[in-house]
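Working notes for the structure below.
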Amino acid sequence: MGGSFPGPYSWKYHPWVREMLDSKASFNYAMKAAQMGVTEVGINRAFYCLDVLKRKVLYVLPTRLNAADFSKDRFDSALKLSPTLATLFTDTNTVGLKQAGAASLYIRGSRGDSNLKGLDVSELILDEVDEMDQKQIWLALTRLDGQTRKCVWAISTPTIPDYGIHKLYLTSTQERFQFKCPGCSRYTELVWPKKGEPGSIEIIGETIHDVRCHESFLKCKECGVKLDHHDKLNWLSTGTWVSTAGTPNQDVRGFYINQLYSPTVSPGELVVAFLRGRGDEAANKEFHCSKLGVPFIGDGAQVTDELIDLSVRTHTREDCRPKKAGRLITMGVDQGKTNYFTLCEWFVDQMSYDINVAAKCKVLTHGTFMEDEWYRLRELMCEWQVQACVIDADPQINEARRFAKEYPGFVFLCRYRRGKVGKEMVVSEADTGAPLVTVDRTNWMTAALGRFRTARVDLPADVGLDFRAHIKAPVRTYVNDDTGNPVATFVETGADHYAHSFVYSEIALPLAASIRTGDDITRFL
Ligand SMILES: [Zn+2]
């Protein structure tokens, strides 16, 4: 091993990995802070399977690019450092396939083409699950159900609650690494303090520039004795994994570890990261997920049941349809095997700049129709005297185009695209043969779903349970862009089709205002 831990691989610097390496469970889920030596457990497991068990291994990373980098950096450098591994592999020329005699190591990205299908393996290692295409992961796990002998390792820094690694961890033994306190001899663990609960760190310092931050120290949360960071490997040597689940299935083991245990991250550094997170949501997310290894959800990142309840009014989805045109009504449609539509009426004092911020929204009705029932859209257009309709361009682009051509100027196809600023909208007919609006996904989802927090949306009394569930499914979190800067994005924690149809209805508002007044759409953005 190179870097911070030179010499032969050992669990010495990361004592918690010893029992993980020895696990014989079929399913193993590790929810971890960054740089805790846990990814090496997955790599070791892969080499062990190939070398000793002579089994095929599928090693999955989030993207194809990640898989190529892994193949080049981690795999090749492991072979350079180990003569044993170098002789184990007979053919390493293919990026995604490494041959070790009769056994093969497949290295794949989770996104894009369905290249996880058709690989008949019982050894599966998922590295950074939260960054992966979740549908592919559930498919891969489901496919293993029939296998009598299987071993899965899913490893990740968490992102949001009940998603990815956290969702898997909740189904497991939920083990935490406990050690014997050198002060009071009780078994305890290292945890960050929560309101009203003692933690294992004495926080010193007020701001990130306060030099006293580095006087912060670890302590036993049971007796308060100071635990010396520099002597950590000594007092952690008594450590053992302890299950915290009620009646756990021992064949599904889950492990949780945070950076308070790290031999290389000092208590002072953690306190600085903690203080940086106060008042900066992206930094706060970084502190919770990467340092504490726990999922994080920011204020207002998700619509709640309470906010939905507060939005319910007395009108119903069966109320009278408009007798004549004149009301400002839009429709949003999310396409798929089932099509989801939401109809909204908008109330504005005047048609002007920033119309989405100024307007109050009343959800008139919502519903679904099947993929062979597109005539329903024509009925809805007429029944509700829709001023502007925005529909997902895909997957049925031909149907969408045909529909748009029947209502020229009133129906717009929509695609999300990165790089659009704010609520910027570009309308073109270039590649679709029908008007297509391109907008930024995160900004428009924030605009539409943010209505619930600001009490600018009224829902019908008989709003559907599926509509409620879909509105709650998208959660705003942060990912790092190509330059390493955090950018907001929404991830889905369940079916979210109605949420998208609602967002499309929001996007239709400035289009409706433009149609009504004859003014350019930029006047309303
Ligand atoms: Zn103690």
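All residue names refer to the structure tokens as shown: chains lettered A, B, ... in order, residues numbered from 1 in each chain, ligands numbered from 1 in order.
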With a cut-off of 6 Å, could you pull out the residues of chain A touching ligand 1 and give me the nearest pair of atoms for each, distance in Å to one decimal, using only C-alpha atoms and all ligand atoms, ordered by chain and ascending number, as CSV?
```
residue,atom,partner,partner_atom_place_in_ligand_line,distance
A:Cys181,CA,ligand 1,1 (Zn),4.6
A:Gly183,CA,ligand 1,1 (Zn),4.7
A:Cys184,CA,ligand 1,1 (Zn),4.0
A:Arg186,CA,ligand 1,1 (Zn),6.0
A:Cys220,CA,ligand 1,1 (Zn),4.6
A:Glu222,CA,ligand 1,1 (Zn),4.9
A:Cys223,CA,ligand 1,1 (Zn),4.1
A:Val225,CA,ligand 1,1 (Zn),5.8
```
Prev. selection, N, CA, C and O atoms, output as a short mmCIF file (atom, residue, chain, number, x, y, z; two decimals), in the first residue's frame:
```cif
data_model
loop_
_atom_site.label_atom_id
_atom_site.label_comp_id
_atom_site.auth_asym_id
_atom_site.auth_seq_id
_atom_site.Cartn_x
_atom_site.Cartn_y
_atom_site.Cartn_z
N CYS A 181 -14.11 1.77 26.76
CA CYS A 181 -13.54 3.05 27.19
C CYS A 181 -12.41 2.80 28.18
O CYS A 181 -12.59 2.10 29.17
N GLY A 183 -11.32 4.73 30.30
CA GLY A 183 -11.64 5.39 31.56
C GLY A 183 -12.61 4.59 32.41
O GLY A 183 -12.32 4.25 33.55
N CYS A 184 -13.77 4.24 31.84
CA CYS A 184 -14.82 3.62 32.65
C CYS A 184 -15.05 2.15 32.30
O CYS A 184 -15.90 1.49 32.91
N ARG A 186 -16.64 0.84 30.09
CA ARG A 186 -17.90 0.51 29.44
C ARG A 186 -17.70 0.47 27.92
O ARG A 186 -16.81 1.17 27.41
N CYS A 220 -15.15 10.13 26.06
CA CYS A 220 -16.12 9.05 26.23
C CYS A 220 -17.48 9.68 26.52
O CYS A 220 -17.59 10.52 27.42
N GLU A 222 -19.93 8.26 27.82
CA GLU A 222 -20.49 7.69 29.05
C GLU A 222 -19.91 8.39 30.29
O GLU A 222 -20.64 8.80 31.18
N CYS A 223 -18.57 8.54 30.34
CA CYS A 223 -17.94 9.06 31.56
C CYS A 223 -17.23 10.39 31.35
O CYS A 223 -16.79 11.02 32.31
N VAL A 225 -14.31 11.02 30.03
CA VAL A 225 -12.85 11.02 30.04
C VAL A 225 -12.33 11.37 28.64
O VAL A 225 -12.95 11.01 27.63
#
```
Checklist entry - In region 126-229 of chain A, what's helix (DSSP H, G or I) per DSSP? Answer as an NGL selection string? => result :A and (129-131 or 134-146 or 164-169 or 211-215 or 229)
Checklist outcome for this item: Using only C-alpha atoms, the shortest atom-to-atom distance to Pro474 (chain A) among A:Ala140, A:Met20, A:Cys344, A:Ala448 belongs to A:Ala448
Next on the checklist: Applying 8 Å and only C-alpha atoms, which residues near Pro435 (chain A) remain after dropping the ones on its own chain fewer than 6 positions away? List them as a list in words.
Outcome noted: Ala404, Gly409, Val411, Phe412, Leu413, Val427, Ser428 and Glu429 of chain A
Item to check | strand (DSSP E or B) residues, from DSSP on the backbone, in region 23-188 of chain A, as number ranges by chain | outcome: A: 27-32, 57-61, 91-94, 97-100, 103-109, 123-127, 151-156, 175-180, 187-188
Checklist outcome for this item: In terms of only C-alpha atoms, the residue from A:Leu97, A:Val38, A:Leu170, A:Leu328 at minimal distance from Tyr13 (chain A) is A:Val38
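Across A:Val491, A:Ile43, A:Ile125, A:Leu364, the tightest approach to Arg317 (chain A) is made by A:Leu364 when counting only C-alpha atoms.
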Item to check | Contacts of Lys135 (chain A) at 12 Å (only C-alpha atoms; same-chain gap of 5+ positions) as a ChimeraX atom specification | outcome: /A:110-112,114,116,129-130,140-142,163-164,492-495
Residues from last step as file, C-alpha atoms, as a short mmCIF file (atom, residue, chain, number, x, y, z; two decimals), in the first residue's frame:
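In the end it all went to out.cif:
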```
data_model
loop_
_atom_site.label_atom_id
_atom_site.label_comp_id
_atom_site.auth_asym_id
_atom_site.auth_seq_id
_atom_site.Cartn_x
_atom_site.Cartn_y
_atom_site.Cartn_z
CA SER A 110 -24.26 1.52 -13.55
CA ARG A 111 -25.55 4.20 -15.91
CA GLY A 112 -26.28 4.30 -19.60
CA SER A 114 -28.04 -1.96 -19.59
CA LEU A 116 -25.33 -5.19 -16.05
CA VAL A 129 -24.24 3.05 -4.48
CA ASP A 130 -25.76 6.49 -3.89
CA ALA A 140 -29.14 -6.41 -10.08
CA LEU A 141 -30.07 -7.28 -6.46
CA THR A 142 -33.40 -8.83 -7.46
CA TYR A 163 -32.30 6.24 -0.38
CA GLY A 164 -29.36 4.22 -1.71
CA GLU A 492 -36.30 10.67 -6.64
CA THR A 493 -37.01 8.57 -3.55
CA GLY A 494 -40.03 6.91 -5.19
CA ALA A 495 -42.40 7.35 -8.13
#
```
Within 8 Å of region 365-377 of chain A, counting only C-alpha atoms, which residues show up once you throw out same-chain ones fewer than 2 positions away? Write them as a PDB file with N, CA, C and O atoms, in the first residue's frame, please.
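The result, written out as selection.pdb:
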```
ATOM      1  N   THR A 316     -63.199  20.578  -5.383  1.00  0.00           N
ATOM      2  CA  THR A 316     -62.908  19.175  -5.682  1.00  0.00           C
ATOM      3  C   THR A 316     -62.561  19.010  -7.158  1.00  0.00           C
ATOM      4  O   THR A 316     -62.803  19.912  -7.976  1.00  0.00           O
ATOM      5  N   ARG A 317     -62.034  17.829  -7.486  1.00  0.00           N
ATOM      6  CA  ARG A 317     -61.608  17.552  -8.857  1.00  0.00           C
ATOM      7  C   ARG A 317     -62.806  17.432  -9.802  1.00  0.00           C
ATOM      8  O   ARG A 317     -62.643  17.429 -11.009  1.00  0.00           O
ATOM      9  N   GLU A 318     -64.016  17.314  -9.224  1.00  0.00           N
ATOM     10  CA  GLU A 318     -65.218  17.174 -10.052  1.00  0.00           C
ATOM     11  C   GLU A 318     -65.967  18.491 -10.230  1.00  0.00           C
ATOM     12  O   GLU A 318     -67.038  18.513 -10.815  1.00  0.00           O
ATOM     13  N   GLY A 336     -45.238   8.155 -20.220  1.00  0.00           N
ATOM     14  CA  GLY A 336     -44.696   6.834 -19.881  1.00  0.00           C
ATOM     15  C   GLY A 336     -45.716   5.788 -20.250  1.00  0.00           C
ATOM     16  O   GLY A 336     -46.625   6.062 -21.038  1.00  0.00           O
ATOM     17  N   LYS A 337     -45.583   4.575 -19.695  1.00  0.00           N
ATOM     18  CA  LYS A 337     -46.588   3.535 -19.918  1.00  0.00           C
ATOM     19  C   LYS A 337     -47.933   4.039 -19.434  1.00  0.00           C
ATOM     20  O   LYS A 337     -48.961   3.856 -20.060  1.00  0.00           O
ATOM     21  N   THR A 338     -47.872   4.701 -18.254  1.00  0.00           N
ATOM     22  CA  THR A 338     -49.014   5.455 -17.766  1.00  0.00           C
ATOM     23  C   THR A 338     -48.664   6.928 -17.936  1.00  0.00           C
ATOM     24  O   THR A 338     -47.540   7.327 -17.648  1.00  0.00           O
ATOM     25  N   ASN A 339     -49.627   7.701 -18.434  1.00  0.00           N
ATOM     26  CA  ASN A 339     -49.410   9.141 -18.573  1.00  0.00           C
ATOM     27  C   ASN A 339     -50.099   9.860 -17.413  1.00  0.00           C
ATOM     28  O   ASN A 339     -51.218   9.517 -17.049  1.00  0.00           O
ATOM     29  N   TYR A 340     -49.393  10.828 -16.839  1.00  0.00           N
ATOM     30  CA  TYR A 340     -49.918  11.570 -15.684  1.00  0.00           C
ATOM     31  C   TYR A 340     -50.142  13.017 -16.092  1.00  0.00           C
ATOM     32  O   TYR A 340     -49.250  13.629 -16.685  1.00  0.00           O
ATOM     33  N   PHE A 341     -51.331  13.556 -15.777  1.00  0.00           N
ATOM     34  CA  PHE A 341     -51.569  14.966 -16.100  1.00  0.00           C
ATOM     35  C   PHE A 341     -52.005  15.734 -14.856  1.00  0.00           C
ATOM     36  O   PHE A 341     -52.606  15.173 -13.943  1.00  0.00           O
ATOM     37  N   THR A 342     -51.638  17.014 -14.823  1.00  0.00           N
ATOM     38  CA  THR A 342     -52.075  17.913 -13.759  1.00  0.00           C
ATOM     39  C   THR A 342     -52.566  19.194 -14.420  1.00  0.00           C
ATOM     40  O   THR A 342     -51.899  19.741 -15.299  1.00  0.00           O
ATOM     41  N   LEU A 343     -53.758  19.648 -14.020  1.00  0.00           N
ATOM     42  CA  LEU A 343     -54.326  20.890 -14.536  1.00  0.00           C
ATOM     43  C   LEU A 343     -54.339  21.940 -13.445  1.00  0.00           C
ATOM     44  O   LEU A 343     -54.817  21.688 -12.329  1.00  0.00           O
ATOM     45  N   CYS A 344     -53.796  23.110 -13.760  1.00  0.00           N
ATOM     46  CA  CYS A 344     -53.706  24.184 -12.765  1.00  0.00           C
ATOM     47  C   CYS A 344     -54.349  25.456 -13.309  1.00  0.00           C
ATOM     48  O   CYS A 344     -54.245  25.752 -14.498  1.00  0.00           O
ATOM     49  N   VAL A 363     -54.610  23.825  -8.066  1.00  0.00           N
ATOM     50  CA  VAL A 363     -54.648  22.558  -8.799  1.00  0.00           C
ATOM     51  C   VAL A 363     -56.116  22.178  -8.961  1.00  0.00           C
ATOM     52  O   VAL A 363     -56.812  21.942  -7.970  1.00  0.00           O
ATOM     53  N   GLU A 379     -59.484  15.479 -25.242  1.00  0.00           N
ATOM     54  CA  GLU A 379     -60.681  15.739 -24.430  1.00  0.00           C
ATOM     55  C   GLU A 379     -60.380  16.762 -23.333  1.00  0.00           C
ATOM     56  O   GLU A 379     -61.157  17.693 -23.100  1.00  0.00           O
ATOM     57  N   LEU A 380     -59.231  16.586 -22.671  1.00  0.00           N
ATOM     58  CA  LEU A 380     -58.868  17.487 -21.576  1.00  0.00           C
ATOM     59  C   LEU A 380     -58.631  18.910 -22.073  1.00  0.00           C
ATOM     60  O   LEU A 380     -59.036  19.885 -21.433  1.00  0.00           O
ATOM     61  N   MET A 381     -57.980  19.049 -23.232  1.00  0.00           N
ATOM     62  CA  MET A 381     -57.716  20.372 -23.814  1.00  0.00           C
ATOM     63  C   MET A 381     -59.028  21.137 -24.005  1.00  0.00           C
ATOM     64  O   MET A 381     -59.131  22.318 -23.691  1.00  0.00           O
ATOM     65  N   GLU A 399     -46.035  10.587 -30.758  1.00  0.00           N
ATOM     66  CA  GLU A 399     -47.361  10.899 -30.225  1.00  0.00           C
ATOM     67  C   GLU A 399     -47.406  12.345 -29.749  1.00  0.00           C
ATOM     68  O   GLU A 399     -48.362  13.076 -30.011  1.00  0.00           O
ATOM     69  N   PRO A 460     -57.060  20.354  -4.378  1.00  0.00           N
ATOM     70  CA  PRO A 460     -58.472  19.993  -4.183  1.00  0.00           C
ATOM     71  C   PRO A 460     -58.634  19.122  -2.930  1.00  0.00           C
ATOM     72  O   PRO A 460     -57.692  18.449  -2.501  1.00  0.00           O
ATOM     73  N   VAL A 463     -57.668  15.434  -3.305  1.00  0.00           N
ATOM     74  CA  VAL A 463     -56.371  15.181  -3.937  1.00  0.00           C
ATOM     75  C   VAL A 463     -55.984  13.717  -3.690  1.00  0.00           C
ATOM     76  O   VAL A 463     -56.167  13.188  -2.598  1.00  0.00           O
ATOM     77  N   PHE A 467     -50.920  11.280  -5.915  1.00  0.00           N
ATOM     78  CA  PHE A 467     -50.434  12.639  -6.171  1.00  0.00           C
ATOM     79  C   PHE A 467     -49.602  13.124  -4.975  1.00  0.00           C
ATOM     80  O   PHE A 467     -48.503  13.634  -5.132  1.00  0.00           O
TER      81      PHE A 467
END
```
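Interatomic distance, CA of Thr442 (chain A) to CA of Ile137 (chain A): 23.9 Å.
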Checklist entry - Which residues come within 10 Å of Thr207 (chain A), counting only C-alpha atoms, excluding same-chain residues fewer than 5 positions away, as a ChimeraX atom specification? => result /A:212-213,271-272,274-276,278
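Compared by their closest atoms to Leu50 (chain A), and using only C-alpha atoms, the residues A:Tyr106, A:Gln35, A:Val95, A:Gly2 rank with A:Tyr106 nearest.
Residue nearest His209 (chain A) within the list A:Val52, A:Leu525, A:Ala100, A:Glu269: A:Glu269 [criterion: smallest interatomic distance, only C-alpha atoms].
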Item to check | Contacts of Ala46 (chain A) within 12 Å, only C-alpha atoms, excl. fewer than 5 positions in-chain, as a PyMOL selection string | outcome: chain A and resi 21+39-41+51-60+75+85+98+100+103-107+122-127+151-153
Checklist entry - Between CA of Gln385 (chain A) and CA of Val503 (chain A), what is the spacing in Å? => result 19.4 Å
Each region 357-420 of chain A residue no farther than 7 Å from region 451-459 of chain A, nearest pair in Å, only C-alpha atoms, as a tab-separated table:
```
residue	atom	partner	partner_atom	distance
A:Lys360	CA	A:Arg456	CA	5.1
A:Cys361	CA	A:Val457	CA	4.6
A:Lys362	CA	A:Asp458	CA	4.6
A:Val363	CA	A:Leu459	CA	5.2
```
For the selection you just gave me, I'd like the residues written to a file as a PDB file, in the first residue's frame, keeping N, CA and C atoms.
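What ended up in part-v1.pdb:
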```
ATOM      1  N   LYS A 360     -50.441  32.756  -7.905  1.00  0.00           N
ATOM      2  CA  LYS A 360     -50.929  31.699  -7.010  1.00  0.00           C
ATOM      3  C   LYS A 360     -51.471  30.578  -7.883  1.00  0.00           C
ATOM      4  N   CYS A 361     -51.315  29.364  -7.417  1.00  0.00           N
ATOM      5  CA  CYS A 361     -51.687  28.197  -8.223  1.00  0.00           C
ATOM      6  C   CYS A 361     -52.821  27.434  -7.555  1.00  0.00           C
ATOM      7  N   LYS A 362     -53.817  27.069  -8.358  1.00  0.00           N
ATOM      8  CA  LYS A 362     -54.889  26.215  -7.860  1.00  0.00           C
ATOM      9  C   LYS A 362     -54.899  24.938  -8.698  1.00  0.00           C
ATOM     10  N   VAL A 363     -54.610  23.825  -8.066  1.00  0.00           N
ATOM     11  CA  VAL A 363     -54.648  22.558  -8.799  1.00  0.00           C
ATOM     12  C   VAL A 363     -56.116  22.178  -8.961  1.00  0.00           C
TER      13      VAL A 363
END
```
Item to check | Atom pair CA of Pro161 (chain A) / CA of Pro295 (chain A): separation (Å) | outcome: 5.1 Å
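Taking only C-alpha atoms into account, Arg108 (chain A) lies nearest to A:Phe70 out of the set A:Trp16, A:Phe70, A:Phe47, A:Phe177.
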